[in-house]
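Peer 1: This one is start.pdb, PDB, C-alpha atoms.
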```
ATOM      1  CA  MET A   1     -11.868  -0.518 -23.351
ATOM      2  CA  GLU A   2     -14.839   1.259 -21.790
ATOM      3  CA  LYS A   3     -13.979   2.770 -18.425
ATOM      4  CA  LYS A   4     -16.176   1.361 -15.667
ATOM      5  CA  GLY A   5     -15.141   3.613 -12.819
ATOM      6  CA  ASN A   6     -12.736   3.646  -9.894
ATOM      7  CA  ILE A   7     -11.843   0.995  -7.357
ATOM      8  CA  CYS A   8     -10.040   2.142  -4.225
ATOM      9  CA  VAL A   9      -7.309  -0.325  -3.267
ATOM     10  CA  PHE A  10      -5.832  -0.259   0.223
ATOM     11  CA  GLY A  11      -2.633  -2.184   0.848
ATOM     12  CA  ALA A  12       0.774  -2.362   2.450
ATOM     13  CA  SER A  13       3.550   0.047   1.642
ATOM     14  CA  SER A  14       5.985  -2.298   3.390
ATOM     15  CA  ARG A  15       9.064  -3.789   1.779
ATOM     16  CA  ASN A  16      10.355  -7.352   2.120
ATOM     17  CA  LEU A  17       6.978  -9.049   1.785
ATOM     18  CA  SER A  18       6.424 -12.581   0.569
ATOM     19  CA  GLN A  19       6.477 -12.594  -3.232
ATOM     20  CA  THR A  20       3.017 -14.192  -3.225
ATOM     21  CA  TYR A  21       1.533 -10.992  -1.788
ATOM     22  CA  VAL A  22       3.334  -8.875  -4.381
ATOM     23  CA  ASP A  23       2.304 -11.163  -7.244
ATOM     24  CA  ASN A  24      -1.356 -11.133  -6.195
ATOM     25  CA  ALA A  25      -1.353  -7.332  -5.931
ATOM     26  CA  TYR A  26       0.206  -7.039  -9.390
ATOM     27  CA  GLN A  27      -2.284  -9.541 -10.820
ATOM     28  CA  LEU A  28      -5.165  -7.583  -9.282
ATOM     29  CA  GLY A  29      -3.935  -4.455 -11.033
ATOM     30  CA  THR A  30      -3.661  -6.265 -14.347
ATOM     31  CA  ILE A  31      -7.214  -7.613 -14.067
ATOM     32  CA  MET A  32      -8.557  -4.200 -13.085
ATOM     33  CA  ALA A  33      -7.014  -2.574 -16.151
ATOM     34  CA  LYS A  34      -8.191  -5.311 -18.514
ATOM     35  CA  ARG A  35     -11.751  -4.961 -17.214
ATOM     36  CA  GLY A  36     -11.762  -1.173 -17.502
ATOM     37  CA  TRP A  37     -11.300  -0.165 -13.861
ATOM     38  CA  CYS A  38      -9.098   2.711 -12.732
ATOM     39  CA  CYS A  39      -7.104   2.029  -9.568
ATOM     40  CA  LEU A  40      -7.208   4.609  -6.787
ATOM     41  CA  ASN A  41      -4.717   4.132  -4.004
ATOM     42  CA  GLY A  42      -2.509   5.933  -1.528
ATOM     43  CA  ALA A  43       0.226   6.710  -4.112
ATOM     44  CA  GLY A  44       2.907   4.760  -2.258
ATOM     45  CA  SER A  45       6.152   3.905  -4.020
ATOM     46  CA  GLU A  46       6.750   0.652  -2.147
ATOM     47  CA  GLY A  47       5.084  -2.642  -1.329
ATOM     48  CA  LEU A  48       1.667  -3.720  -2.482
ATOM     49  CA  MET A  49       0.576  -0.166  -3.328
ATOM     50  CA  ARG A  50       3.337  -0.014  -5.915
ATOM     51  CA  ALA A  51       2.684  -3.560  -7.134
ATOM     52  CA  VAL A  52      -1.014  -2.969  -7.842
ATOM     53  CA  SER A  53      -0.174   0.317  -9.578
ATOM     54  CA  ASP A  54       2.453  -1.405 -11.720
ATOM     55  CA  GLY A  55      -0.037  -4.121 -12.664
ATOM     56  CA  VAL A  56      -2.596  -1.549 -13.774
ATOM     57  CA  LEU A  57      -0.104   0.621 -15.647
ATOM     58  CA  ASP A  58       1.689  -2.287 -17.355
ATOM     59  CA  ALA A  59      -1.700  -3.468 -18.661
ATOM     60  CA  GLY A  60      -2.483  -0.029 -20.089
ATOM     61  CA  GLY A  61      -4.821   1.179 -17.346
ATOM     62  CA  GLU A  62      -4.877   4.218 -15.097
ATOM     63  CA  ALA A  63      -3.593   4.419 -11.537
ATOM     64  CA  VAL A  64      -4.370   7.549  -9.546
ATOM     65  CA  GLY A  65      -2.722   8.211  -6.205
ATOM     66  CA  VAL A  66      -4.174  10.263  -3.362
ATOM     67  CA  ILE A  67      -1.582  11.280  -0.807
ATOM     68  CA  PRO A  68      -1.049  13.944   1.856
ATOM     69  CA  GLN A  69       1.334  16.722   0.899
ATOM     70  CA  PHE A  70       3.754  15.896   3.725
ATOM     71  CA  MET A  71       4.290  12.441   2.186
ATOM     72  CA  ILE A  72       5.038  14.018  -1.183
ATOM     73  CA  ASP A  73       7.473  16.380   0.542
ATOM     74  CA  ASN A  74       9.221  13.319   2.019
ATOM     75  CA  GLY A  75       9.433  11.642  -1.392
ATOM     76  CA  TRP A  76       7.141   8.744  -0.491
ATOM     77  CA  HIS A  77       4.922   9.018  -3.579
ATOM     78  CA  TYR A  78       5.205   6.888  -6.721
ATOM     79  CA  ASP A  79       6.031   9.151  -9.638
ATOM     80  CA  ARG A  80       4.974   6.607 -12.274
ATOM     81  CA  LEU A  81       1.268   7.043 -11.486
ATOM     82  CA  THR A  82      -1.136   8.437 -14.078
ATOM     83  CA  SER A  83      -1.842  11.330 -11.723
ATOM     84  CA  ILE A  84      -1.451  12.307  -8.083
ATOM     85  CA  ILE A  85      -3.934  14.205  -5.941
ATOM     86  CA  ALA A  86      -2.360  15.953  -2.944
ATOM     87  CA  THR A  87      -4.440  16.387   0.203
ATOM     88  CA  PRO A  88      -3.707  18.454   3.314
ATOM     89  CA  THR A  89      -4.264  15.590   5.781
ATOM     90  CA  MET A  90      -4.549  11.829   6.118
ATOM     91  CA  HIS A  91      -8.251  12.211   6.845
ATOM     92  CA  GLU A  92      -8.794  14.164   3.626
ATOM     93  CA  ARG A  93      -6.910  11.447   1.765
ATOM     94  CA  LYS A  94      -9.388   8.798   2.956
ATOM     95  CA  HIS A  95     -12.373  11.049   2.317
ATOM     96  CA  THR A  96     -11.177  11.730  -1.244
ATOM     97  CA  LEU A  97     -10.607   8.029  -1.937
ATOM     98  CA  ALA A  98     -14.092   7.222  -0.631
ATOM     99  CA  GLN A  99     -15.745   9.992  -2.641
ATOM    100  CA  MET A 100     -14.030   9.041  -5.904
ATOM    101  CA  SER A 101     -14.503   5.267  -5.803
ATOM    102  CA  GLN A 102     -17.347   2.857  -6.544
ATOM    103  CA  ALA A 103     -15.857   0.008  -4.482
ATOM    104  CA  VAL A 104     -13.019  -0.901  -2.114
ATOM    105  CA  ILE A 105     -10.527  -3.760  -2.169
ATOM    106  CA  ALA A 106      -8.235  -4.323   0.806
ATOM    107  CA  LEU A 107      -4.971  -6.085   0.057
ATOM    108  CA  PRO A 108      -2.984  -7.379   3.021
ATOM    109  CA  GLY A 109      -1.373  -4.637   5.079
ATOM    110  CA  GLY A 110      -0.445  -3.330   8.482
ATOM    111  CA  CYS A 111      -1.946  -0.723  10.805
ATOM    112  CA  GLY A 112      -2.618   1.837   8.067
ATOM    113  CA  THR A 113      -4.405  -0.655   5.850
ATOM    114  CA  MET A 114      -6.405  -2.055   8.769
ATOM    115  CA  GLU A 115      -7.421   1.448   9.850
ATOM    116  CA  GLU A 116      -8.534   2.363   6.322
ATOM    117  CA  LEU A 117     -10.436  -0.902   5.912
ATOM    118  CA  LEU A 118     -12.228  -0.677   9.247
ATOM    119  CA  GLU A 119     -13.177   2.935   8.585
ATOM    120  CA  ALA A 120     -14.615   1.914   5.193
ATOM    121  CA  ILE A 121     -16.620  -0.836   6.889
ATOM    122  CA  THR A 122     -17.835   1.653   9.516
ATOM    123  CA  TRP A 123     -18.836   4.187   6.850
ATOM    124  CA  ARG A 124     -20.793   1.468   5.046
ATOM    125  CA  GLN A 125     -22.415   0.431   8.322
ATOM    126  CA  LEU A 126     -23.532   4.048   8.812
ATOM    127  CA  ASN A 127     -24.611   4.342   5.151
ATOM    128  CA  LEU A 128     -22.066   7.130   4.595
ATOM    129  CA  ALA A 129     -20.317   5.214   1.802
ATOM    130  CA  PRO A 130     -22.548   2.285   0.773
ATOM    131  CA  LYS A 131     -20.235   0.515  -1.646
ATOM    132  CA  PRO A 132     -18.871  -3.026  -1.997
ATOM    133  CA  ILE A 133     -15.875  -3.864   0.194
ATOM    134  CA  VAL A 134     -13.744  -6.906  -0.616
ATOM    135  CA  LEU A 135     -10.883  -8.321   1.431
ATOM    136  CA  LEU A 136      -8.337 -10.068  -0.801
ATOM    137  CA  ASN A 137      -7.419 -12.946   1.479
ATOM    138  CA  THR A 138      -3.987 -13.835   0.061
ATOM    139  CA  LEU A 139      -2.450 -16.732   2.028
ATOM    140  CA  GLY A 140      -5.369 -16.483   4.489
ATOM    141  CA  TYR A 141      -4.145 -13.071   5.636
ATOM    142  CA  TYR A 142      -7.583 -11.814   6.687
ATOM    143  CA  ASP A 143      -8.802 -15.001   8.378
ATOM    144  CA  ASP A 144      -8.104 -13.683  11.875
ATOM    145  CA  LEU A 145      -9.649 -10.258  11.218
ATOM    146  CA  VAL A 146     -12.823 -11.842   9.845
ATOM    147  CA  ALA A 147     -12.910 -14.149  12.881
ATOM    148  CA  MET A 148     -12.647 -11.070  15.136
ATOM    149  CA  LEU A 149     -15.457  -9.290  13.267
ATOM    150  CA  ASN A 150     -17.614 -12.412  13.513
ATOM    151  CA  HIS A 151     -16.749 -12.558  17.225
ATOM    152  CA  ALA A 152     -18.026  -8.967  17.579
ATOM    153  CA  ILE A 153     -21.261  -9.993  15.857
ATOM    154  CA  GLU A 154     -21.669 -13.079  18.039
ATOM    155  CA  HIS A 155     -21.257 -10.983  21.202
ATOM    156  CA  GLY A 156     -23.708  -8.277  20.153
ATOM    157  CA  PHE A 157     -21.227  -5.521  19.309
ATOM    158  CA  MET A 158     -22.470  -5.588  15.721
ATOM    159  CA  LYS A 159     -25.787  -6.689  14.280
ATOM    160  CA  LYS A 160     -26.089 -10.210  12.900
ATOM    161  CA  SER A 161     -26.721  -8.854   9.398
ATOM    162  CA  HIS A 162     -23.484  -6.878   9.409
ATOM    163  CA  TYR A 163     -21.447  -9.826   8.149
ATOM    164  CA  ARG A 164     -22.701  -8.565   4.761
ATOM    165  CA  LEU A 165     -20.688  -5.343   5.111
ATOM    166  CA  TRP A 166     -17.686  -7.037   3.492
ATOM    167  CA  ARG A 167     -16.878  -9.960   1.223
ATOM    168  CA  LEU A 168     -13.858 -12.243   1.295
ATOM    169  CA  ALA A 169     -12.056 -13.171  -1.940
ATOM    170  CA  GLN A 170      -9.407 -15.855  -2.239
ATOM    171  CA  ASN A 171      -7.783 -14.507  -5.415
ATOM    172  CA  PRO A 172      -7.706 -11.314  -7.514
ATOM    173  CA  THR A 173     -10.170 -12.548 -10.139
ATOM    174  CA  GLU A 174     -12.728 -13.405  -7.465
ATOM    175  CA  ALA A 175     -12.275  -9.953  -5.897
ATOM    176  CA  ILE A 176     -13.180  -8.174  -9.152
ATOM    177  CA  ASP A 177     -15.988 -10.658  -9.871
ATOM    178  CA  ILE A 178     -17.571  -9.895  -6.482
ATOM    179  CA  ILE A 179     -17.390  -6.154  -7.034
ATOM    180  CA  GLU A 180     -18.826  -6.318 -10.531
ATOM    181  CA  ARG A 181     -21.616  -8.627  -9.385
ATOM    182  CA  GLU A 182     -22.543  -6.404  -6.430
ATOM    183  CA  LEU A 183     -22.453  -3.236  -8.522
ATOM    184  CA  SER A 184     -24.664  -4.816 -11.195
ATOM    185  CA  GLN A 185     -27.362  -5.711  -8.665
ATOM    186  CA  SER A 186     -29.736  -3.407  -6.880
ATOM    187  CA  PRO A 187     -27.939  -2.072  -3.816
ATOM    188  CA  GLN A 188     -28.476  -4.352  -0.853
ATOM    189  CA  SER A 189     -29.729  -2.380   2.066
ATOM    190  CA  ILE A 190     -27.647  -2.864   5.159
ATOM    191  CA  GLU A 191     -29.495  -2.896   8.463
ATOM    192  CA  PRO A 192     -28.651   0.442  10.077
ATOM    193  CA  LYS A 193     -26.417   0.505  13.113
ATOM    194  CA  TYR A 194     -29.036   2.425  15.116
TER     195      TYR A 194
END
```
In structure tokens, what does this structure look like?

Peer 2:
Amino acid sequence: MEKKGNICVFGASSRNLSQTYVDNAYQLGTIMAKRGWCCLNGAGSEGLMRAVSDGVLDAGGEAVGVIPQFMIDNGWHYDRLTSIIATPTMHERKHTLAQMSQAVIALPGGCGTMEELLEAITWRQLNLAPKPIVLLNTLGYYDDLVAMLNHAIEHGFMKKSHYRLWRLAQNPTEAIDIIERELSQSPQSIEPKY
């Protein structure tokens, strides 16, 4: 299988999630591997980060984790990964993930995932990291966030064209389809913030 590049996947490291979330994360990993994509993520050993890594690895693909050294020191990394890149800080972790990836997929998650996703959207808005961003909307998880972003657009806090900064996918196959379609087209220019 020809390697296409790297997709950064953000997602929960939480335990005790609905099995539907775990299954969709695993399925995403399987599809990524079968289509030749390497998974970049935060190297977590729990939750959806682990599930997407397992999906990729079980299908014969590569999963690379990027994680701050203090998390490795605490034993929070997943030692099954193809490789692990240690960073000195959380900020460097995000910068490394952004630099190494051609696209971003956000699985459901908590504060960390939301912060990573919103920073990726901001970087795209500022043309610092102009790459496709897809929200995998398992069980409608991102409905409220998208409504809030649309609310910001409606009230003038973002430009009307900025709804194109992200795409919403209802299942893992659609998420990869969107990324591959966007990457195959000429880059769509996003109206600058300023």

Peer 1: The PyMOL selection byres ((chain A and resi 70) around 10) - which residues does that actually catch in the file I just gave you? List them as a ChimeraX atom specification.

Peer 2: /A:67-69,71-76,86-90

Peer 1: Neighbours of Ala25 (chain A) within 10 Å (all atoms listed in the file; same-chain residues fewer than 3 positions away dropped), as a VMD selection string?

Peer 2: chain A and resid 9 11 to 12 19 to 22 28 to 30 47 to 56 107 to 108 136 138 171 to 172

Peer 1: Please compute the CA of Leu145 (chain A)-CA of Arg35 (chain A) distance, one decimal, in Å.

Peer 2: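 For CA of Leu145 (chain A) relative to CA of Arg35 (chain A), the distance reads 29.0 Å.
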
Peer 1: Could you state the separation of CA of Trp123 (chain A) and CA of Leu97 (chain A) in Å, given to one decimal place?

Peer 2: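 Straight-line distance from CA of Trp123 (chain A) to CA of Leu97 (chain A) works out to 12.6 Å.
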
Peer 1: Considering only C-alpha atoms, return as a list in words whatever protein or nucleic-acid residues lie within 8 Å of Met32 (chain A), sequence-local ones (same chain, fewer than 4 positions apart) excluded.

Peer 2: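 Skipping anything fewer than 4 positions along the chain leaves Leu28, Gly36, Trp37, Cys38, Cys39, Val56, Gly61 and Ile176 of chain A.
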
Peer 1: Grab the CA of Leu81 (chain A) to CA of Glu115 (chain A) distance for me, in Å with one decimal place.

Peer 2: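 Taking CA of Leu81 (chain A) and CA of Glu115 (chain A), their separation equals 23.7 Å.
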
Peer 1: Can you turn the PyMOL selection byres ((chain A and resi 118) around 12) into a concrete residue list for this file, as a PyMOL selection string?

Peer 2: chain A and resi 10+94+104-106+111-117+119-125+133-135+145-146+148-149+165-166

Peer 1: Using all atoms listed in the file, find the one residue out of A:Tyr142, A:Phe157, A:Tyr78, A:Tyr194 that sits nearest to Asn127 (chain A).

Peer 2: A:Tyr194

Peer 1: So what does the PyMOL selection byres ((chain A and resi 41) around 6) actually pick up in this one, as a PyMOL selection string?

Peer 2: chain A and resi 8-9+40+42-43+65

Peer 1: Looking at A:Gln170, A:Asn24, A:Asn6, A:Ser14, which one is nearest to Ala63 (chain A), with distances taken over all atoms listed in the file?

Peer 2: A:Asn6

Peer 1: With only C-alpha atoms as the atoms that count, which of A:Val66, A:Met158, A:Ala169, A:Ala103 lies nearest to His91 (chain A)?

Peer 2: A:Val66
